[in-house]
Amino acid sequence: MSPPAISTCSVWVVGCGVPKRGMGWYHAKQILDGEISTAKLTAVVEPWFLGPGSDSPPGKAFGEWAVATKEQGGDVCFCSAVNDVPVDAETPTLALISGRTADNPRLLREVIDHGCSAVYLEKPGAPTVGELEDMRAYAKEKGVPVYMGYNKNVTPYVRKALEAAKKHPGSTTTYVHNNAYKPDELPECFERNAEGMLKNMAIHELALLATYWGVTVDSIASVTPDSDFSSCETLTGPSGATFTDFSRVGFVVKTKTSQEIKLLVDRCGSDAGGNSIAIVTKDGDELFRAETPDDELSQFVEAAAKEDPEMMPYFFLQSNDYKTLKDLTTAHVLAGADGAPEGVATIDVAIEALKVAEYLTPLLQEALKS
């Protein structure tokens, strides 16, 4: 008699963070709450809060959550290092890395060496293109696929706009991304996100361009800045250092296959928590528009935030996206399938997106000087 089929993929969350604040913690919560039918949380790796930071207020909050999880019957191993995670060689395992970006190159090697089947890496994956390329090479050598947590790749507004664009060859898709900073908050924003807007806020859209439109540095035929929309500023941050970055930037990318995609990204473009829009146009006529959050999602987020004000609001906003990504990746790993689930970004996409960001930043800054 053959053994029963394995129905769930084992998940290790590496870099959990503070309850209700850390992205890794929210991933763990969704799995523990049974929202991902093909996933079982088997380990949480938290070097800081299970180590030197255990007595800090956030560390104590983490410790209380770990105790509560065990008391609720969760068969989860809490470890301070990847090497301490128990390994079941018979069960497919997804290592979900949600630590500090600078730690990711080391953590990826550690989880691969420890025997995971696949890696889910939170964006942007690594500080530089070179580090991401080294990580890709190591994962490829070991035969371990690496998926990226670019949640916009699977959001309904993006998917619907893609379908509309397919129905209208020769159309142009515009991606609008608005944050809700106030102008007087930009100096702190520039310093905290010193890698720059295109590697930070706009990297989500650049990942869309790489995934769905085949945009790479080599495939770009031209870039046309929207100088009326864009603004590049040099501001003095809280530390006294100066930072040059875009407060807003717009541009059209034309590929060598004559496909045009436009981005409009504005740090101060919303007064209601931020939004994203996808618009399909042709010959000056708007054919399709979709936005997130829509009215239904906005009402859900508002109600959920009132019920649990300590939770990071964007968890509620992007909850379904995170669930979809884990549904797709754990099912893919469980099936032993090749490649990546449709629409899910891979480390190849992450590399191309970062390369495009590094290519565009000086090009657009120089163009806006004239």
# chains A, B, ... in the order shown; residues from 1 in each chain; ligands from 1
>>> closest_atom_pairs(of="segment 193-222 of chain A", to="segment 341-344 of chain A", cutoff="12 Å", atoms="only C-alpha atoms", output="tab-separated table")
residue	atom	partner	partner_atom	distance
A:Ala207	CA	A:Val344	CA	10.1
A:Leu208	CA	A:Gly343	CA	9.1
A:Leu209	CA	A:Gly343	CA	11.6
A:Ala210	CA	A:Gly343	CA	10.8
A:Thr211	CA	A:Gly343	CA	7.1
A:Tyr212	CA	A:Gly343	CA	7.8
A:Trp213	CA	A:Gly343	CA	11.5
>>> write_last_selection(atoms="N, CA, C and O atoms", output="compact mmCIF listing (two decimals), in the first residue's frame")
# COMPACT_ATOMS: atom_id res chain seq x y z
N ALA A 207 8.91 45.73 -11.54
CA ALA A 207 8.74 44.27 -11.56
C ALA A 207 7.59 43.87 -12.47
O ALA A 207 7.66 42.84 -13.17
N LEU A 208 6.52 44.67 -12.49
CA LEU A 208 5.41 44.40 -13.42
C LEU A 208 5.90 44.49 -14.86
O LEU A 208 5.58 43.65 -15.70
N LEU A 209 6.70 45.52 -15.14
CA LEU A 209 7.22 45.70 -16.50
C LEU A 209 8.11 44.53 -16.90
O LEU A 209 8.05 44.06 -18.05
N ALA A 210 8.92 44.04 -15.96
CA ALA A 210 9.80 42.91 -16.27
C ALA A 210 9.02 41.62 -16.45
O ALA A 210 9.31 40.81 -17.35
N THR A 211 7.98 41.41 -15.61
CA THR A 211 7.21 40.17 -15.66
C THR A 211 6.31 40.08 -16.88
O THR A 211 6.30 39.08 -17.59
N TYR A 212 5.54 41.13 -17.10
CA TYR A 212 4.46 41.06 -18.09
C TYR A 212 4.78 41.72 -19.42
O TYR A 212 4.13 41.44 -20.43
N TRP A 213 5.75 42.63 -19.44
CA TRP A 213 6.04 43.37 -20.65
C TRP A 213 7.44 43.11 -21.19
O TRP A 213 7.83 43.69 -22.20
>>> select_by_dssp(residues="segment 61-152 of chain A", states="alpha helix (DSSP H)", output="VMD selection string")
chain A and resid 61 to 71 104 to 113 129 to 142
>>> residues_around(residues="segment 135-138 of chain A", least_positions_apart="4", cutoff="12 Å", atoms="only C-alpha atoms", output="PyMOL selection string")
chain A and resi 103-113+119+121+125-131+142-148+346-351
>>> select_by_dssp(residues="segment 122-358 of chain A", states="strand (DSSP E)", output="VMD selection string")
chain A and resid 146 to 148 172 to 178 220 to 225 231 to 236 242 to 255 260 to 266 275 to 282 285 to 292
